[in-house]
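Data first, discussion second: the structure below is written as structure tokens.
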Amino acid sequence: LSPDRTTLAIAVSSRVFPEERRLHFLNIRTGELSDALALEYDLISPDLPLRWIDNDTLRYVQQDPYGPWEIITLNRETEIASRTRVYPTQPEDGEVLGVAPDFSKFAVRVYGETEDIVYIVFLPSLRRLEVARLPEGLEIRPLAWSANGTQVALVMASGEERRLYDRTPNAASLANPVVQDALGRLAPDENPFHQHSTVRVFDFSRPEPLRLELTAPGQGGDPFAEASLSADGNRLLVKRYQPSQVTGRSHPSYVFPESAYFELYDLDGTRLDTIAADPLRGPTESAGRFLGDDRLLFWGTDGLNRHLYLYDLDERTLSPLPLPPGSVDPASIVASENGSTLVYGFSSVTQPPELFAMDLAGEGEPRSLTTINTAVAASNRVRVDRVDFAIDAGNRQGFLIQPADGTFPPQGVPIVLWQQGGPGFSMTNEFATEVEMPLNLLPNFGLAVLVVPLAGREGFGPELYRALADGQNFGHLDVEEGADIIRQMIQQGWTTAAQVGVTGCSYGGYYAAQMMAQFPRLVAAANPQCSLLDTLTEWQLGYSSLLSYLIGQTPMETPDRYIAASPLYGAAAMRTPALLFHGSDDFLQVDVARNFHDALELADIPVTLYEFEGVGHSLYGSGYQPQAAQLQIEFFRQYLQP
């Protein structure tokens with residue numbers, strides 16, 4: 001947002017071809033869009049924020065594809081650009097982590113064999129100051145700067161497998177501290193993710209720049225997640241994780257936390273406030289920042305919505321902003337320097353993505369800024385209704401999306417149960433047309449979609465979020481919950497056993513395949529996509545820490561549990577017709593999907609595997625979405641008879 005609060009630099013991309021983005025300047029008073037051709041030509045990597053030097057001039061930092069860092073300044077009126085290159089004269093691999101708002105300092109990470117080093121590089125002297133070392137398993141979170149760049153906060157926290165996608169037969173190691181943490185076998189005083197979780201604040205106006213250091217052991221034990229500095233650099237907001245204490249395990253897991261909360265500090269290390277509220281408890285889907293001098297802005301998932309909240313620092317009260325049901329895109333949140341104007345992206349099943357603004361000094365009601373998806377909105381003919389199901393474990397809430405002419409409650413209609421990837425990620429009310437997330441796709445073609453977050457999902461508290469890891473629940477608890485919900489829909493006459501389908505990608509694909517294995521006659525059609533199918537293979541070649549956390553033991557200790565949690569080994573007993581999608585370059589090996597297909601075919605089950613050449617994990621951004629959508633629609637139309 002420009003200093004005069006009139007102009008936004010925005011990016012627009014297709015959901016089918018997200019790499020083909022277009023850059024524009026948006027006048028937020030008139031809604032007028034103008035092309036930003038010069039910016040589009042020069043901007044390669046938009047990971048680091050654009051900054052306005054004045055109302056016409058933008059400046060940003062990016063890493064050139066050939067190595068050097070670049071500071072680029074662009075005047076949008078004259079379309080004149082300047083470039084300043086900064087690079088090491090000796091061979092050195094690394095990345096730019098951030099830049100001070102006044103462009104006086106870089107933060108860079110230099111890769112090493114045993115540990116990485118984080119430096120602050122000062123301009124124009126090019127002097128650099130070491131501020132952190134990152135041993136294996138530790139990561140650095142996005143840096144937080146004060147408004148004038150004098151102070152910076154660094155958070156060092158646990159990371160999962162750094163080389164998750166670089167799979168070799170020697171990838172997994174039982175002795176790996178990430179795996180040991182996931183299994184609950186590391187005491188806190190021996191756990192590096194507890195011992196080395198640190199926040200450091202540097203003040204470059206002082207002779208000794210290190211102003212504040214907080215460590216997890218010294219501040220109550222809970223690890224740090226991220227930080228935000230006030231504009232004047234005098235206060236620090238930190239997000240902290242509550243480690244998972246899984247039933248039956250000796251020690252907590254710090255790599256896989258179960259909830260989050262926030263704390264406010266001054267730079268003398270005094271804790272000023274603790275902010276713990278239900279909408280902010282999501283460990284992956286919550287964040288906070290300073291908004292002017294007297295408020296904090298929070299983003300968080302609460303139930304079926306991802307919304308925004310204001311926290312009054314004087315009153316210590318958290319209040320939701322007046323948003324309708326739906327989801328805010330956290331990457332799109334922009335605020336003016338004084339906190340009076342807020343801009344954010346928002347969507348719901350009935351509202352395609354648009355940008356909205358709020359005047360927080362006035363009424364605070366949302367005002368639409370863009371009409372980019374007007375044509376999409378006009379052709380999106382769906383209705384959405386809240387649903388609740390009582391199961392043994394408690395109440396499960398969700399929503400049913402139907403064609404616009406549908407009635408509620410429905411009577412005898414085809415319904416596809418959808419589950420998100422993960423597990424852990426939330427399932428909220430948002431606009432989505434991909435086959436991996438067909439919330440708006442299938443209902444516009446006559447097929448209702450049921451969205452119900454089950455055990456293991458964010459937005460409903462730590463107990464539900466941790467539920468798949470508790471006891472021996474993984475591989476069956478959430479599948480059983482879904483089966484119970486399907487039976488209830490059939491009993492209520494919403495649908496019939498011949499009209500229920502299931503789909504999802506990644507963990508959602510795993511869920512669909514496990515439903516086929518555990519309840520072979522409960523669903524009439526399944527569309528597993530980019531699916532985890534063999535937990536034994538996955539532990540050895542891929543995500544060993546997550547599987548260790550979810551199952552609680554390794555395949556060397558309890559192979560039977562891993563086999564029971566693998567759809568591949570239950571294929572012979574399946575009876576559900578299946579349509580399989582998998583990318584040839586998916587990190588979940590396509591060979592396993594081929595074997596799954598062959599096992600189903602040998603069992604005389606109608607099955608087709610579409611292997612998409614050159615595609616990784618999911619079809620998103622591949623350009624294959626139109627073809628896959630047609631296949632998905634035809635498949636469910638064929639097997640979910642009205």
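Identifiers for the structure tokens are assigned positionally: chains receive A, B, ... in sequence, residues are indexed from 1 per chain, and ligands are indexed from 1 in the order shown.
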
Which residues are near Ala564 in chain A? Cut-off 10 Å, only C-alpha atoms, ignore same chain within fewer than 5 positions. Put them as a PyMOL selection string. chain A and resi 474-476+514+517-518+534-535+559+569-570

So that I can check the surroundings of range 263-279 of chain A, please list as a list in words every protein, DNA and RNA residue that reaches within 9 Å of it, counting only C-alpha atoms and ignoring chain neighbours fewer than 4 positions away. Val201, Arg211, Leu212, Glu213, Leu214, Gly233, Asn234, Arg235, Leu236, Leu237, Val238, Lys239, Arg240, Ser286, Trp299, Gly300, Thr301, Asp302, Gly303, Arg306, His307, Tyr309, Tyr311, Leu313, Arg316, Leu318, Gly459, Phe460 and Gly461 of chain A

Got time to write the residues from that selection, C-alpha atoms, as a PDB file, in the first residue's frame?
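See selection.pdb below for the written result:
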ATOM      1  CA  VAL A 201      16.599  -9.042  18.941  1.00  0.00           C
ATOM      2  CA  ARG A 211      19.707  -6.398  22.794  1.00  0.00           C
ATOM      3  CA  LEU A 212      17.541  -9.335  23.890  1.00  0.00           C
ATOM      4  CA  GLU A 213      17.770 -13.120  23.857  1.00  0.00           C
ATOM      5  CA  LEU A 214      14.926 -15.383  24.923  1.00  0.00           C
ATOM      6  CA  GLY A 233      11.249  -1.360  17.842  1.00  0.00           C
ATOM      7  CA  ASN A 234      10.515  -1.248  21.577  1.00  0.00           C
ATOM      8  CA  ARG A 235       8.068  -4.167  21.886  1.00  0.00           C
ATOM      9  CA  LEU A 236       8.179  -7.736  20.676  1.00  0.00           C
ATOM     10  CA  LEU A 237       5.252 -10.046  19.910  1.00  0.00           C
ATOM     11  CA  VAL A 238       6.164 -13.730  19.828  1.00  0.00           C
ATOM     12  CA  LYS A 239       4.118 -16.770  18.903  1.00  0.00           C
ATOM     13  CA  ARG A 240       4.815 -19.815  21.037  1.00  0.00           C
ATOM     14  CA  SER A 286      -2.435 -18.325  13.346  1.00  0.00           C
ATOM     15  CA  TRP A 299      -5.256 -14.023  11.717  1.00  0.00           C
ATOM     16  CA  GLY A 300      -6.522 -17.418  12.792  1.00  0.00           C
ATOM     17  CA  THR A 301      -8.720 -20.408  12.036  1.00  0.00           C
ATOM     18  CA  ASP A 302     -11.747 -20.920  14.226  1.00  0.00           C
ATOM     19  CA  GLY A 303     -13.987 -23.794  13.199  1.00  0.00           C
ATOM     20  CA  ARG A 306     -10.243 -18.152   8.754  1.00  0.00           C
ATOM     21  CA  HIS A 307     -10.847 -14.638  10.022  1.00  0.00           C
ATOM     22  CA  TYR A 309      -9.157 -10.212  14.922  1.00  0.00           C
ATOM     23  CA  TYR A 311      -6.439  -7.015  20.076  1.00  0.00           C
ATOM     24  CA  LEU A 313      -3.277  -3.544  24.007  1.00  0.00           C
ATOM     25  CA  ARG A 316      -6.487  -6.562  26.600  1.00  0.00           C
ATOM     26  CA  LEU A 318      -9.682  -9.666  21.396  1.00  0.00           C
ATOM     27  CA  GLY A 459      -9.517 -24.975  14.229  1.00  0.00           C
ATOM     28  CA  PHE A 460     -11.252 -27.038  16.917  1.00  0.00           C
ATOM     29  CA  GLY A 461      -8.731 -27.135  19.736  1.00  0.00           C
TER      30      GLY A 461
END

Members of range 32-78 of chain A assigned alpha helix (DSSP H) by DSSP, as number ranges by chain: A: 37-42

Selection: 8 Å around Arg21 in chain A, only C-alpha atoms, excl. self and same-chain fewer than 3 positions, as a PyMOL selection string: chain A and resi 11-14+18

Write a file of the selected residues as a short mmCIF file (atom, residue, chain, number, x, y, z; two decimals), in the first residue's frame, keeping C-alpha atoms.
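This went into part-v4.cif:
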data_model
loop_
_atom_site.label_atom_id
_atom_site.label_comp_id
_atom_site.auth_asym_id
_atom_site.auth_seq_id
_atom_site.Cartn_x
_atom_site.Cartn_y
_atom_site.Cartn_z
CA ALA A 11 -0.76 -9.79 -8.45
CA VAL A 12 -3.52 -11.72 -10.22
CA SER A 13 -3.06 -15.33 -11.31
CA SER A 14 -5.23 -18.09 -12.72
CA PRO A 18 -0.85 -19.84 -11.18
#

Out of range 346-465 of chain A, which residues get strand (DSSP E) from DSSP, as JSON, numbers by chain? {"A": [346, 347, 348, 351, 352, 353, 354, 355, 356, 357, 358, 359, 367, 368, 382, 383, 384, 385, 386, 387, 388, 389, 390, 391, 394, 395, 396, 397, 398, 399, 400, 401, 402, 403, 415, 416, 417, 418, 419, 448, 449, 450, 451]}

Neighbouring residues of Gly482 in chain A were defined as those with any atom within 9 Å, considering only C-alpha atoms; residues of the same chain fewer than 6 positions away were excluded. Please report them as a PyMOL selection string. chain A and resi 417+452+454+515

Identify which of the residues A:Gln411, A:Gln632, A:Ser104, A:Gln589 lies closest to Glu434 in chain A, counting only C-alpha atoms when measuring atom-to-atom distances. A:Gln632

Long-range neighbours of Arg521 in chain A as JSON, numbers by chain, 8 Å cut-off, only C-alpha atoms, 5 positions minimum in chain: {"A": [497, 516, 575, 576]}

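CA of Phe106 in chain A sits 19.4 Å away from CA of Ser230 in chain A.
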
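Minimum distance to Gly542 in chain A across A:Leu588, A:Leu126, A:Val108, A:Cys530 (counting only C-alpha atoms) occurs at A:Leu588.
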
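Residue nearest Asp388 in chain A within the list A:Ile117, A:Ile44, A:Leu450, A:Leu477: A:Leu450 [criterion: smallest interatomic distance, only C-alpha atoms].
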
Given only C-alpha atoms as the counted atoms, nearest of A:Phe445, A:Tyr41, A:Phe103, A:Phe193 to Ala404 in chain A: A:Phe445

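Restricting the calculation to only C-alpha atoms, the smallest distance between Leu568 in chain A and any of A:Tyr60, A:Phe17, A:Phe596, A:Tyr119 is found for A:Phe596.
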
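Restricting the calculation to only C-alpha atoms, the smallest distance between Ser125 in chain A and any of A:Arg15, A:Lys105, A:Tyr639, A:Arg185 is found for A:Lys105.
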
Compile the contact shell of range 336-344 of chain A as a ChimeraX atom specification: residues with an atom at most 10 Å away, counting only C-alpha atoms, same-chain residues fewer than 2 positions apart removed. /A:1-5,8,28,147,231,290-297,308,328-334,346,354-362,364,366-369

Got time to write the residues from that selection, N, CA, C and O atoms, as a short mmCIF file (atom, residue, chain, number, x, y, z; two decimals), in the first residue's frame?
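The new file selection.cif reads:
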data_model
loop_
_atom_site.label_atom_id
_atom_site.label_comp_id
_atom_site.auth_asym_id
_atom_site.auth_seq_id
_atom_site.Cartn_x
_atom_site.Cartn_y
_atom_site.Cartn_z
N LEU A 1 0.85 -1.18 0.00
CA LEU A 1 0.00 0.00 0.00
C LEU A 1 0.90 1.24 0.00
O LEU A 1 1.81 1.34 0.81
N SER A 2 0.64 2.18 -0.91
CA SER A 2 1.46 3.39 -1.03
C SER A 2 1.32 4.27 0.21
O SER A 2 0.34 4.16 0.95
N PRO A 3 2.30 5.15 0.45
CA PRO A 3 2.25 5.99 1.65
C PRO A 3 0.98 6.83 1.76
O PRO A 3 0.51 7.09 2.86
N ASP A 4 0.43 7.29 0.60
CA ASP A 4 -0.79 8.09 0.67
C ASP A 4 -2.05 7.22 0.74
O ASP A 4 -3.17 7.74 0.67
N ARG A 5 -1.88 5.92 0.88
CA ARG A 5 -2.98 4.95 1.05
C ARG A 5 -3.96 4.96 -0.11
O ARG A 5 -5.16 4.72 0.08
N LEU A 8 -2.39 0.21 -4.48
CA LEU A 8 -1.87 -1.11 -4.14
C LEU A 8 -1.15 -1.70 -5.35
O LEU A 8 -1.61 -1.55 -6.48
N ILE A 28 -7.36 2.20 -4.79
CA ILE A 28 -8.36 1.65 -3.87
C ILE A 28 -9.52 2.61 -3.62
O ILE A 28 -10.50 2.23 -2.99
N ALA A 147 10.29 -0.32 12.00
CA ALA A 147 9.95 0.48 10.83
C ALA A 147 11.16 1.13 10.18
O ALA A 147 11.24 1.25 8.96
N ALA A 231 6.53 -0.82 15.50
CA ALA A 231 7.16 0.11 14.56
C ALA A 231 8.35 0.82 15.17
O ALA A 231 9.37 1.04 14.50
N PHE A 290 1.87 -6.16 14.85
CA PHE A 290 1.47 -4.86 15.40
C PHE A 290 0.69 -4.09 14.35
O PHE A 290 0.99 -4.13 13.16
N LEU A 291 -0.32 -3.38 14.81
CA LEU A 291 -1.16 -2.56 13.94
C LEU A 291 -1.23 -1.17 14.58
O LEU A 291 -2.04 -0.93 15.49
N GLY A 292 -0.36 -0.27 14.13
CA GLY A 292 -0.28 1.03 14.79
C GLY A 292 0.36 0.88 16.16
O GLY A 292 1.10 -0.07 16.44
N ASP A 293 0.05 1.82 17.06
CA ASP A 293 0.72 1.84 18.36
C ASP A 293 -0.03 1.10 19.45
O ASP A 293 0.57 0.69 20.44
N ASP A 294 -1.33 0.92 19.28
CA ASP A 294 -2.12 0.42 20.41
C ASP A 294 -2.93 -0.84 20.12
O ASP A 294 -3.76 -1.24 20.92
N ARG A 295 -2.68 -1.47 18.96
CA ARG A 295 -3.45 -2.66 18.62
C ARG A 295 -2.56 -3.72 17.98
O ARG A 295 -1.51 -3.41 17.41
N LEU A 296 -3.03 -4.94 18.06
CA LEU A 296 -2.44 -6.05 17.33
C LEU A 296 -3.47 -6.60 16.37
O LEU A 296 -4.68 -6.58 16.65
N LEU A 297 -3.01 -7.07 15.22
CA LEU A 297 -3.88 -7.71 14.25
C LEU A 297 -3.54 -9.20 14.23
O LEU A 297 -2.38 -9.58 14.07
N LEU A 308 -10.07 -12.48 10.78
CA LEU A 308 -9.17 -11.48 11.34
C LEU A 308 -9.71 -10.98 12.68
O LEU A 308 -10.94 -10.86 12.86
N VAL A 328 -9.92 -15.65 4.95
CA VAL A 328 -8.96 -14.62 4.59
C VAL A 328 -7.68 -15.30 4.12
O VAL A 328 -7.23 -16.30 4.69
N ASP A 329 -7.09 -14.76 3.05
CA ASP A 329 -5.80 -15.23 2.56
C ASP A 329 -4.71 -14.48 3.33
O ASP A 329 -4.53 -13.28 3.16
N PRO A 330 -3.94 -15.17 4.19
CA PRO A 330 -2.98 -14.45 5.04
C PRO A 330 -1.87 -13.77 4.25
O PRO A 330 -1.33 -12.76 4.68
N ALA A 331 -1.53 -14.31 3.07
CA ALA A 331 -0.46 -13.71 2.28
C ALA A 331 -0.86 -12.37 1.69
O ALA A 331 -0.01 -11.64 1.19
N SER A 332 -2.15 -12.04 1.73
CA SER A 332 -2.62 -10.81 1.08
C SER A 332 -2.89 -9.68 2.07
O SER A 332 -3.35 -8.61 1.66
N ILE A 333 -2.62 -9.88 3.34
CA ILE A 333 -2.97 -8.87 4.34
C ILE A 333 -1.97 -7.71 4.28
O ILE A 333 -0.76 -7.90 4.38
N VAL A 334 -2.49 -6.50 4.11
CA VAL A 334 -1.68 -5.29 4.03
C VAL A 334 -2.33 -4.23 4.91
O VAL A 334 -3.55 -4.09 4.91
N PHE A 346 -10.11 -12.30 0.31
CA PHE A 346 -11.15 -13.07 1.00
C PHE A 346 -11.93 -13.87 -0.03
O PHE A 346 -12.15 -13.42 -1.16
N GLU A 354 -11.63 -11.97 -3.97
CA GLU A 354 -11.50 -10.54 -4.27
C GLU A 354 -10.73 -9.89 -3.14
O GLU A 354 -10.56 -10.47 -2.06
N LEU A 355 -10.26 -8.67 -3.40
CA LEU A 355 -9.63 -7.87 -2.35
C LEU A 355 -10.68 -6.98 -1.70
O LEU A 355 -11.55 -6.42 -2.38
N PHE A 356 -10.57 -6.86 -0.38
CA PHE A 356 -11.48 -6.02 0.40
C PHE A 356 -10.65 -5.07 1.27
O PHE A 356 -9.48 -5.33 1.55
N ALA A 357 -11.28 -3.97 1.68
CA ALA A 357 -10.62 -3.01 2.55
C ALA A 357 -11.53 -2.69 3.73
O ALA A 357 -12.76 -2.78 3.64
N MET A 358 -10.91 -2.31 4.84
CA MET A 358 -11.64 -1.84 6.01
C MET A 358 -10.99 -0.55 6.50
O MET A 358 -9.76 -0.44 6.55
N ASP A 359 -11.83 0.40 6.84
CA ASP A 359 -11.38 1.63 7.50
C ASP A 359 -11.54 1.41 8.99
O ASP A 359 -12.64 1.54 9.54
N LEU A 360 -10.45 1.04 9.66
CA LEU A 360 -10.55 0.69 11.08
C LEU A 360 -10.72 1.90 11.97
O LEU A 360 -11.03 1.76 13.16
N ALA A 361 -10.55 3.09 11.41
CA ALA A 361 -10.80 4.30 12.18
C ALA A 361 -12.27 4.71 12.10
O ALA A 361 -12.72 5.58 12.85
N GLY A 362 -13.01 4.09 11.18
CA GLY A 362 -14.42 4.43 11.00
C GLY A 362 -15.32 3.29 11.40
O GLY A 362 -15.18 2.70 12.47
N GLY A 364 -15.52 0.31 10.04
CA GLY A 364 -14.88 -0.99 10.05
C GLY A 364 -15.60 -2.05 9.28
O GLY A 364 -15.37 -3.24 9.50
N PRO A 366 -16.43 -4.22 5.81
CA PRO A 366 -15.67 -4.56 4.60
C PRO A 366 -16.20 -3.81 3.37
O PRO A 366 -17.40 -3.64 3.19
N ARG A 367 -15.27 -3.39 2.53
CA ARG A 367 -15.60 -2.72 1.27
C ARG A 367 -14.84 -3.42 0.15
O ARG A 367 -13.63 -3.57 0.22
N SER A 368 -15.57 -3.86 -0.88
CA SER A 368 -14.93 -4.57 -1.98
C SER A 368 -14.07 -3.61 -2.79
O SER A 368 -14.51 -2.52 -3.16
N LEU A 369 -12.83 -4.02 -3.07
CA LEU A 369 -11.91 -3.21 -3.87
C LEU A 369 -11.85 -3.66 -5.32
O LEU A 369 -11.62 -2.85 -6.20
#

With a distance cut-off of 12 Å and only C-alpha atoms, select the neighbouring residues of Phe636 in chain A, excluding the residue or stretch itself and same-chain residues fewer than 5 positions from it, and output the selection as a PyMOL selection string. chain A and resi 414-417+442-443+445-449+498-503+523-527+577-579+629-631+641-642
